[in-house]
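S.K.: Handing you a structure now.
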Amino acid sequence: MDLITVIVPVYNAETHLAACLDGILSQTCENLEVILIDDGSKDKSGEMCDRYAEKDGRIKVVHKQNGGVSAARNDGLALSRGEWITFVDSDDYIACDFIEKLYNASKDKAEISACCCKVRFDDMEFEEHFFEGSKLFERDKSELYLQTIREDRCRPKQEAYYASIGIAWGKLYRRELLERIKLGFDTELSQMEDTIFNLRAFFHASAVNYIDEALYYYRQSHRTELKSARYWESFDAIYGRVSEKMLDALEELSLTEDREVFGAYCEESIFRIADTLKKCLLNTERKALLCEKRNSVRELALRRANRLVIKTASPSAFKSIKIRAMLLLLKLRLYMPAVIIYGLQQKLKGRGGG
């Protein structure tokens, strides 16, 4: 069997790290190289990595200053020697046959194999399926692109969204593919860097084999930082970069010419613009003059990616009357009316107690 490299970025993960590493070392496939990138952890994660390396010669540990998950994954890629590469987050864990099943799904034809996952969210556990049944994507990958860009487009109907086929984990990549297209993670992004990574990987892969089996265990309960005030304060900057980088990738791959795929990008971008206005720029807690808020909305709407999206997207594509109205106002460049109408909506909502 080919050598498999497992890359694990580690940051302050002492609570779940042992379960993660035990799962990796218990794989039915034993020809492994495990690279642990201790990304400047402030807890005992680094010490735990060293202890595991002392017990198992397949483990290599790198200690470095904190640089983010993208830089850590890139460091792991640079050190890797395996013919196949997989990523595991340090607070998640994998089934004992995770690597064997993904390897068997890839070795004959596909350059990428992927599985679905089990989500652990607080006291709940349930399976998260990305498609209806197993699928092999070769020439026609539109469905794969759609699920990567708009996670709810091709997946079975569920009550909530937790994970996506565009996430870095839960996959096995042929090393030759990543080297051929010189693919790495964008260190300028703190969100959705793996989505853009996978969009390029899926496009260039000879085939992508999705097996509809939950072999990866994804923890959600620790990700409460996504609900924090600090997160929403930076939402505009984070997703402004994401929209630009995603558009760059779509243009590079000529996917802007695919009407359905580009339409999905536009729709998703409109939802992000609406969230940015609601939770960041026009948040009632943001103390700013009306003219300052108008200028913020104008600046948002005139960015390259957003300008194209606003021009392209059709209001009729959205069920929400609020989003339809917002998009129409932005199309007409009526920025001050957008600010005033949003403020009135918030006041009426406050009076209604909802």
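By order of appearance in the structure tokens: chains A, B, ..., then residues from 1 within every chain, and ligands from 1 in the order shown.
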I'd like the neighbourhood of region 118-120 of chain A as a list in words, where a residue qualifies if any of its atoms comes within 6 Å (using only C-alpha atoms), though same-chain residues fewer than 5 positions away should be ignored.
M.R.: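 In the requested form, the answer reads Glu125, Phe126, Glu127, Glu128, Ala214, Tyr217, Tyr218, Arg219 and Gln220 of chain A.
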S.K.: As a count of residues only, list the residues of region 108-309 of chain A assigned to strand (DSSP E or B) by DSSP on the backbone atoms of this structure.
M.R.: 34
S.K.: Excluding same-chain residues fewer than 4 positions from Gly82 (chain A), what lies within 7 Å of it counting only C-alpha atoms, as a PyMOL selection string?
M.R.: chain A and resi 3-5
S.K.: Tell me which protein, DNA and RNA residues are within 6 Å of region 12-28 of chain A, counting only C-alpha atoms, leaving out same-chain ones fewer than 3 positions away, and put them as number ranges by chain.
M.R.: A: 41, 43-45, 90-94, 96-97
S.K.: With C-alpha atoms retained, write the just-selected residues as an mmCIF file, in the first residue's frame.
M.R.:
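result-v2.cif written:
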data_model
loop_
_atom_site.group_PDB
_atom_site.id
_atom_site.type_symbol
_atom_site.label_atom_id
_atom_site.label_comp_id
_atom_site.auth_asym_id
_atom_site.auth_seq_id
_atom_site.Cartn_x
_atom_site.Cartn_y
_atom_site.Cartn_z
ATOM 1 C CA SER A 41 -0.329 26.344 21.294
ATOM 2 C CA ASP A 43 -1.868 24.881 26.500
ATOM 3 C CA LYS A 44 -0.294 21.425 26.812
ATOM 4 C CA SER A 45 -0.971 20.420 23.199
ATOM 5 C CA SER A 90 -6.979 18.271 16.046
ATOM 6 C CA ASP A 91 -10.352 18.409 17.824
ATOM 7 C CA ASP A 92 -11.993 15.863 15.512
ATOM 8 C CA TYR A 93 -11.344 12.149 15.043
ATOM 9 C CA ILE A 94 -11.696 9.478 12.373
ATOM 10 C CA CYS A 96 -10.494 3.165 12.219
ATOM 11 C CA ASP A 97 -11.032 2.363 8.512
#
S.K.: Might you pull out every residue within 8 Å of Val339 (chain A), with only C-alpha atoms counted and same-chain residues fewer than 2 positions away left off, and present them as a list in words?
M.R.: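 Selected residues are Leu282, Leu290, Lys293, Arg294, Val297, Tyr335, Met336, Pro337, Ile341, Tyr342 and Gly343 of chain A.
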S.K.: In Å, rounded to a single decimal, give me how far CA of Lys245 (chain A) is from CA of Ala338 (chain A).
M.R.: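 Taking CA of Ala338 (chain A) and CA of Lys245 (chain A), their separation equals 26.7 Å.
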S.K.: Point out the residue among A:Phe318, A:Phe98, A:Tyr265, A:Phe235 with the least atom-to-atom distance to Cys115 (chain A), counting only C-alpha atoms.
M.R.: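 Closest to Cys115 (chain A) of all the choices is A:Phe98.
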S.K.: Which residue gives the smallest distance to Pro9 (chain A) among A:Leu328, A:Val69, A:Ala274, A:Met48, with only C-alpha atoms counted?
M.R.: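 Distance minimum relative to Pro9 (chain A) lands on A:Val69.
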S.K.: Which is closest to Glu268 (chain A) among A:Arg241, A:Arg304, A:Arg150, A:Lys64, if we use only C-alpha atoms?
M.R.: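 For Glu268 (chain A), the nearest of the given residues is A:Arg150.
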S.K.: Tell me which protein, DNA and RNA residues are within 12 Å of Thr86 (chain A), counting only C-alpha atoms, leaving out same-chain ones fewer than 4 positions away, and put them as an NGL selection string.
M.R.: :A and (3-9 or 24 or 32-35 or 73 or 76-77 or 80 or 82 or 94 or 98-100 or 102-103 or 112-115 or 167-175 or 178 or 216)
S.K.: CA of Val10 (chain A) and CA of Ser243 (chain A) are how many Å apart?
M.R.: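 Separating CA of Val10 (chain A) from CA of Ser243 (chain A) is a distance of 27.3 Å.
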